[in-house]
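Source file: work.txt (compact mmCIF, C-alpha atoms (C1' of nucleotides))
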# COMPACT_ATOMS: atom_id res chain seq x y z
CA MET A 1 -28.93 -9.74 14.76
CA VAL A 2 -26.71 -7.47 16.82
CA ILE A 3 -27.13 -3.71 17.13
CA LEU A 4 -24.19 -1.45 17.89
CA ASN A 5 -23.77 2.26 18.49
CA GLY A 6 -22.57 3.80 15.24
CA GLU A 7 -20.83 6.87 16.58
CA TYR A 8 -17.43 5.28 16.06
CA LEU A 9 -18.42 2.65 13.52
CA ASP A 10 -18.98 3.86 9.97
CA PRO A 11 -18.95 0.99 7.47
CA GLY A 12 -18.75 3.29 4.46
CA LYS A 13 -15.62 4.96 5.77
CA ILE A 14 -14.01 1.68 6.77
CA ALA A 15 -14.72 0.26 3.31
CA ASP A 16 -12.90 3.22 1.74
CA SER A 17 -10.09 3.37 4.26
CA GLY A 18 -7.60 1.28 2.30
CA GLN A 19 -7.12 -1.38 4.96
CA CYS A 20 -9.59 -3.91 3.52
CA PHE A 21 -10.04 -4.58 -0.19
CA ARG A 22 -12.92 -7.05 -0.37
CA TRP A 23 -15.81 -5.27 1.33
CA GLN A 24 -18.65 -5.09 -1.16
CA ARG A 25 -21.10 -2.24 -1.14
CA VAL A 26 -24.68 -3.49 -1.44
CA ASP A 27 -26.21 -0.04 -1.19
CA GLU A 28 -25.27 3.21 0.41
CA HIS A 29 -25.84 1.92 3.92
CA THR A 30 -25.08 -1.77 3.57
CA TYR A 31 -21.86 -3.73 3.11
CA ARG A 32 -21.07 -7.39 2.60
CA VAL A 33 -17.96 -8.18 4.60
CA PRO A 34 -16.05 -11.39 3.79
CA ALA A 35 -13.54 -12.59 6.36
CA PHE A 36 -12.34 -15.86 7.84
CA GLY A 37 -14.27 -17.77 5.19
CA ARG A 38 -17.55 -16.26 6.36
CA GLU A 39 -19.56 -13.24 5.48
CA LEU A 40 -21.13 -10.51 7.60
CA ILE A 41 -23.72 -8.00 6.47
CA ILE A 42 -23.24 -4.61 8.10
CA ALA A 43 -25.96 -2.00 7.75
CA GLN A 44 -26.25 1.56 8.98
CA ARG A 45 -29.60 2.63 10.38
CA GLY A 46 -29.47 6.18 11.62
CA ASP A 47 -26.96 6.31 14.43
CA GLU A 48 -27.01 2.56 14.88
CA VAL A 49 -25.32 -0.24 12.99
CA THR A 50 -26.77 -3.71 12.63
CA LEU A 51 -24.79 -6.89 12.09
CA ASP A 52 -26.50 -10.00 10.78
CA CYS A 53 -24.83 -12.29 13.28
CA SER A 54 -25.70 -13.67 16.70
CA GLN A 55 -24.25 -12.42 19.95
CA PRO A 56 -22.08 -15.57 20.24
CA GLU A 57 -20.72 -14.94 16.72
CA LEU A 58 -19.97 -11.36 17.70
CA ASP A 59 -18.11 -12.59 20.76
CA SER A 60 -16.18 -15.30 18.94
CA THR A 61 -15.40 -13.67 15.59
CA TRP A 62 -16.78 -10.35 14.45
CA GLY A 63 -16.19 -8.35 17.60
CA ALA A 64 -12.45 -8.87 17.43
CA TYR A 65 -12.47 -8.25 13.67
CA LEU A 66 -14.21 -4.90 14.20
CA ASP A 67 -12.02 -4.09 17.23
CA ILE A 68 -15.19 -3.69 19.21
CA ASP A 69 -13.28 -3.07 22.45
CA GLY A 70 -11.04 -0.37 20.98
CA ASP A 71 -11.30 3.03 22.68
CA TYR A 72 -12.15 5.12 19.64
CA ASP A 73 -13.59 7.91 21.73
CA GLY A 74 -10.21 8.13 23.42
CA TYR A 75 -8.31 8.04 20.09
CA HIS A 76 -10.56 10.73 18.69
CA ARG A 77 -10.11 12.96 21.73
CA ALA A 78 -6.36 12.48 21.60
CA ALA A 79 -6.32 13.69 18.01
CA ILE A 80 -8.63 16.64 18.66
CA GLY A 81 -6.70 17.69 21.74
CA SER A 82 -3.27 17.17 20.21
CA GLY A 83 -2.73 20.79 19.24
CA LEU A 84 -2.04 19.56 15.70
CA PRO A 85 -4.74 21.22 13.58
CA PHE A 86 -4.24 19.05 10.52
CA LEU A 87 -4.57 15.88 12.61
CA ALA A 88 -7.66 17.25 14.36
CA ASP A 89 -9.27 17.98 11.00
CA ALA A 90 -8.37 14.51 9.75
CA ALA A 91 -9.82 12.88 12.87
CA ASN A 92 -13.10 14.76 12.58
CA PHE A 93 -13.32 13.88 8.91
CA SER A 94 -12.53 10.23 9.66
CA LYS A 95 -14.77 9.74 12.67
CA GLY A 96 -16.20 6.24 12.43
CA ILE A 97 -13.04 4.62 11.07
CA ARG A 98 -11.83 1.64 13.01
CA ILE A 99 -8.68 -0.48 12.72
CA LEU A 100 -9.80 -3.93 11.63
CA ARG A 101 -8.12 -7.04 12.97
CA GLN A 102 -8.03 -9.07 9.77
CA ASP A 103 -6.75 -12.50 8.90
CA VAL A 104 -2.95 -12.39 8.89
CA TRP A 105 -2.45 -14.47 5.76
CA GLU A 106 -5.02 -12.52 3.74
CA THR A 107 -3.56 -9.23 4.93
CA ALA A 108 -0.01 -10.20 4.04
CA PHE A 109 -1.13 -11.49 0.64
CA SER A 110 -3.19 -8.36 -0.06
CA PHE A 111 -0.56 -5.85 0.95
CA ILE A 112 2.14 -7.54 -1.10
CA ILE A 113 -0.16 -6.88 -4.04
CA SER A 114 -0.63 -3.30 -2.81
CA GLN A 115 2.98 -2.29 -3.35
CA ASN A 116 3.45 0.30 -6.11
CA ASN A 117 -0.20 -0.20 -6.99
CA ASN A 118 -3.44 1.72 -6.55
CA ILE A 119 -6.47 0.77 -4.50
CA PRO A 120 -8.96 0.14 -7.34
CA ARG A 121 -6.50 -2.15 -9.07
CA ILE A 122 -5.60 -3.92 -5.82
CA LYS A 123 -9.29 -4.71 -5.47
CA LEU A 124 -9.48 -5.97 -9.05
CA CYS A 125 -6.44 -8.19 -8.56
CA LEU A 126 -7.95 -9.72 -5.43
CA GLU A 127 -11.29 -10.26 -7.19
CA ARG A 128 -9.52 -12.23 -9.90
CA VAL A 129 -7.69 -14.26 -7.27
CA VAL A 130 -10.92 -15.09 -5.44
CA GLU A 131 -12.66 -15.89 -8.70
CA ARG A 132 -9.98 -18.40 -9.64
CA PHE A 133 -10.16 -20.32 -6.36
CA GLY A 134 -13.84 -19.78 -5.59
CA ARG A 135 -12.82 -18.29 -2.24
CA PHE A 136 -9.81 -16.55 -0.80
CA PRO A 137 -6.93 -18.99 -1.36
CA GLU A 138 -5.21 -20.84 1.44
CA PRO A 139 -1.42 -20.85 1.55
CA SER A 140 -1.49 -24.42 0.22
CA ASP A 141 -3.45 -23.25 -2.84
CA VAL A 142 -0.70 -20.81 -3.78
CA VAL A 143 1.94 -22.91 -5.51
CA ALA A 144 4.16 -21.93 -8.42
CA GLY A 145 2.02 -21.07 -11.42
CA SER A 146 -1.29 -21.09 -9.56
CA LEU A 147 -1.55 -17.31 -9.86
CA ALA A 148 -0.47 -17.10 -13.49
CA GLY A 149 -2.55 -14.91 -15.76
CA LEU A 150 -4.14 -12.93 -12.95
CA LYS A 151 -2.20 -9.79 -13.95
CA LEU A 152 -0.50 -9.48 -10.60
CA GLY A 153 2.65 -8.31 -12.32
CA TYR A 154 6.05 -8.85 -10.77
CA ARG A 155 4.36 -9.39 -7.38
CA GLU A 156 3.26 -12.89 -8.39
CA GLY A 157 6.62 -14.34 -7.44
CA TYR A 158 6.55 -12.58 -4.09
CA LEU A 159 3.26 -14.30 -3.29
CA TYR A 160 4.76 -17.74 -3.96
CA ASP A 161 7.57 -16.84 -1.59
CA LEU A 162 5.03 -15.80 1.07
CA ALA A 163 2.96 -18.97 0.62
CA GLU A 164 6.01 -21.23 0.91
CA ARG A 165 7.05 -19.75 4.20
CA TYR A 166 3.74 -18.78 5.84
CA ALA A 167 2.29 -20.82 8.69
CA PRO A 168 -0.08 -19.78 11.49
CA GLY A 169 1.95 -17.79 13.98
CA PHE A 170 4.49 -16.77 11.36
CA THR A 171 5.95 -13.35 12.16
CA GLU A 172 9.09 -13.05 10.00
CA PHE A 173 7.33 -11.03 7.35
CA ARG A 174 10.29 -8.75 6.75
CA SER A 175 12.23 -11.68 5.34
CA VAL A 176 9.55 -12.39 2.73
CA LYS A 177 10.31 -11.00 -0.71
CA GLY A 178 8.16 -7.97 -1.42
CA VAL A 179 7.63 -7.13 2.26
CA GLY A 180 9.50 -3.97 3.20
CA PRO A 181 8.90 -1.59 6.09
CA LYS A 182 5.61 -0.23 4.74
CA VAL A 183 3.92 -3.52 3.88
CA CYS A 184 5.13 -4.99 7.17
CA ALA A 185 3.65 -2.08 9.11
CA CYS A 186 0.33 -2.64 7.33
CA ILE A 187 0.33 -6.30 8.33
CA GLU A 188 1.07 -5.33 11.92
CA LEU A 189 -1.56 -2.60 12.04
CA PHE A 190 -4.38 -4.28 10.11
CA ALA A 191 -3.96 -7.88 11.23
CA LEU A 192 -1.69 -8.21 14.24
CA ALA A 193 -3.39 -5.71 16.55
CA ARG A 194 -0.29 -3.53 16.59
CA LYS A 195 -1.78 -0.05 16.75
CA ASP A 196 1.69 1.37 17.26
CA ALA A 197 2.63 0.42 13.68
CA PHE A 198 2.77 3.45 11.38
CA PRO A 199 2.80 2.62 7.66
CA ARG A 200 4.42 5.30 5.52
CA ASP A 201 3.08 5.35 1.99
CA VAL A 202 3.49 8.17 -0.54
CA TRP A 203 0.55 10.15 0.87
CA ILE A 204 1.70 9.89 4.49
CA LYS A 205 5.22 10.90 3.52
CA ARG A 206 3.84 13.90 1.68
CA VAL A 207 1.66 14.91 4.62
CA GLU A 208 4.57 14.50 7.02
CA ARG A 209 6.64 16.76 4.81
CA GLU A 210 4.00 19.41 4.26
CA GLN A 211 2.10 19.41 7.56
CA PHE A 212 4.36 17.98 10.25
CA ASP A 213 7.75 19.52 9.59
CA GLY A 214 9.08 16.30 8.11
CA ARG A 215 7.90 13.67 10.57
CA PHE A 216 4.68 12.84 12.38
CA PRO A 217 5.23 12.81 16.18
CA GLU A 218 4.33 9.16 16.76
CA GLU A 219 5.75 9.29 20.28
CA ARG A 220 2.93 11.60 21.32
CA PHE A 221 0.42 8.80 20.68
CA PRO A 222 2.02 5.87 22.46
CA GLY A 223 0.57 2.55 21.41
CA PHE A 224 -1.93 4.02 18.94
CA ALA A 225 -0.05 6.18 16.43
CA GLY A 226 -1.34 3.82 13.74
CA VAL A 227 -4.89 5.01 14.42
CA MET A 228 -3.74 8.56 13.77
CA GLN A 229 -2.10 7.32 10.59
CA GLN A 230 -5.45 5.97 9.42
CA TYR A 231 -7.13 9.30 10.07
CA LEU A 232 -4.48 11.02 7.97
CA PHE A 233 -4.58 8.43 5.21
CA TYR A 234 -8.35 8.44 4.90
CA TYR A 235 -8.49 12.23 4.92
CA GLY A 236 -5.99 12.31 2.11
CA SER A 237 -7.29 9.45 0.02
CA VAL A 238 -10.82 10.83 -0.07
CA SER A 239 -9.68 14.32 -1.00
CA GLN A 240 -7.55 12.80 -3.74
CA LYS A 241 -10.51 10.88 -5.05
CA ARG A 242 -12.38 14.14 -5.29
CA GLY A 243 -9.66 15.35 -7.58
CA ASN A 244 -8.04 17.77 -5.18
CA LYS A 245 -4.33 17.86 -4.83
CA PRO A 246 -3.32 16.64 -1.37
CA CYS A 247 -3.52 19.29 1.32
CA GLU A 248 -4.91 21.87 -1.07
CA GLN A 249 -8.49 21.55 0.09
CA LEU A 250 -7.52 23.06 3.41
C1' DG B 251 3.95 9.13 -24.94
C1' DC B 252 4.04 10.74 -19.80
C1' DC B 253 3.15 10.17 -14.63
C1' DC B 254 1.24 7.85 -10.77
C1' DA B 255 -0.18 4.16 -7.55
C1' DG B 256 -1.02 2.22 0.51
C1' DG B 257 7.04 0.01 -2.33
C1' DT B 258 10.70 -2.98 -2.70
C1' DG B 259 15.03 -5.40 -4.25
C1' DA B 260 19.28 -4.87 -6.48
C1' DC B 261 23.07 -2.29 -7.18
C1' DG B 262 26.68 1.39 -6.94
C1' DG B 263 28.65 5.04 -4.31
C1' DC C 264 24.73 4.19 5.07
C1' DC C 265 22.73 6.68 1.16
C1' DG C 266 20.55 7.50 -3.84
C1' DT C 267 18.92 5.57 -8.11
C1' DC C 268 16.61 2.37 -11.04
C1' DA C 269 13.56 -1.34 -12.76
C1' DC C 270 9.72 -3.79 -11.77
C1' DA C 271 3.96 -5.30 -14.29
C1' DT C 272 -0.27 -3.24 -14.89
C1' DG C 273 -3.80 0.03 -15.82
C1' DG C 274 -5.97 4.71 -15.27
C1' DG C 275 -5.67 9.73 -15.89
Is it possible to give me this structure as structure tokens?
Amino acid sequence: MVILNGEYLDPGKIADSGQCFRWQRVDEHTYRVPAFGRELIIAQRGDEVTLDCSQPELDSTWGAYLDIDGDYDGYHRAAIGSGLPFLADAANFSKGIRILRQDVWETAFSFIISQNNNIPRIKLCLERVVERFGRFPEPSDVVAGSLAGLKLGYREGYLYDLAERYAPGFTEFRSVKGVGPKVCACIELFALARKDAFPRDVWIKRVEREQFDGRFPEERFPGFAGVMQQYLFYYGSVSQKRGNKPCEQL
DNA sequence: GCCCAGGTGACGG
DNA sequence: CCGTCACATGGG
């Protein structure tokens, strides 16, 4: 059992942040987190968070996954002090979000499914995939036809293309069918520890148009604009879920 | 029936 | 380089 300060670690917000699709909510304070073929239970207790792993497991696996060394106090301060009111609001609302460092293969697979799709259905698709294989599939499991009937739509073929070409260390994601600039940026940000990556989905484009005079000033957050992107995305996705039109709740 | 969703590839200008 | 369109699926 490991206990961490929860000021910048909020499992509920991370689970809803649209970067991971397989966290399972056990109850309001507890999440089952599958990754790397293992499972971690994360529980909030007041202003602390407990992980059901040993210190060596934290050091070898879960610490990196949770970006335990990331300077989230610094990121938060940068947003608050940016002079950009919308970003400051988003950062306050999103306090506790972290950028996970997830498995590269799983992230690429998941975000190919994410294209022109919505988060609840992305989760359903991945549940069906995991159910078929009894675990998250390996690249060698994903051969032509192996994903048939899982209602992945036209993305099924893209996944075969990914599986054919993927190997550990693979970085040519842009040449995989179904990986454009947005999906590639998600792979970089959520799996490759590239906090400078800045995925532009429909919500971010809308917010850039309506709140940032057309374009978010990434250059003002060198090396961590992607963290700001997550603040903006989470702020927007939660307000959408509440039924508000984007930006209107302000 | 429509529109939308953490978009992209193909095609025409 | 741009803009447009289809793409498979399901929810509102």
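Of the listed residues A:Arg132, A:Arg121, A:Arg38, A:Arg32, the one whose atoms come nearest to chain B is A:Arg121, with distances taken using only C-alpha atoms (C1' of nucleotides).
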(message) Could you list, as a PyMOL selection string, every residue within 12 Å of B:DG263, counting all atoms listed in the file and ignoring same-chain residues fewer than 4 positions away?
(response) chain C and resi 264-267
(request) Would you please work out which residue, of A:Gly178, A:Pro222, A:Gln229, A:Phe93, is nearest to A:Trp203 when using all atoms listed in the file? (result)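 Closest candidate: A:Gln229.
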(request) Report as a list in words the set of chain B residues whose atoms approach chain A to within 12 Å, with distances computed over all atoms listed in the file. (result) DC254, DA255, DG256, DG257, DT258 and DG259 of chain B
(request) Please tell me which residues are no farther than 12 Å from (-0.4, 7.7, -22.4) in the file, counting only C-alpha atoms (C1' of nucleotides), and write them as a PyMOL selection string. (result) (chain B and resi 251-254) or (chain C and resi 273-275)
(message) Within 8 Å of chain C, which residues belong to chain A? Use all atoms listed in the file and report them as number ranges by chain.
(response) A: 121, 151-154
(request) For atom CA of A:Leu84 and atom CA of A:Lys13, quote the distance in Å rounded to one decimal. (result)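 Separation between atom CA of A:Leu84 and atom CA of A:Lys13: 22.3 Å.
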(request) Using all atoms listed in the file, determine which residues lie at most 9 Å from stretch 98-104 of chain A, disregarding the query and same-chain residues fewer than 3 positions distant; provide the list as a PyMOL selection string. (result) chain A and resi 8-10+13-14+19-20+35-36+64-68+70+72+95+107-109+168-170+187-193+195+226-227+230
(request) Would you mind reading off the distance between atom CA of A:Arg209 and atom CA of A:Ala197, one decimal, in Å? (result)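 Straight-line distance from atom CA of A:Arg209 to atom CA of A:Ala197 works out to 19.0 Å.
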(request) Grab the atom CA of A:Ala163 to atom CA of A:Gly63 distance for me, in Å with one decimal place. (result) 27.7 Å
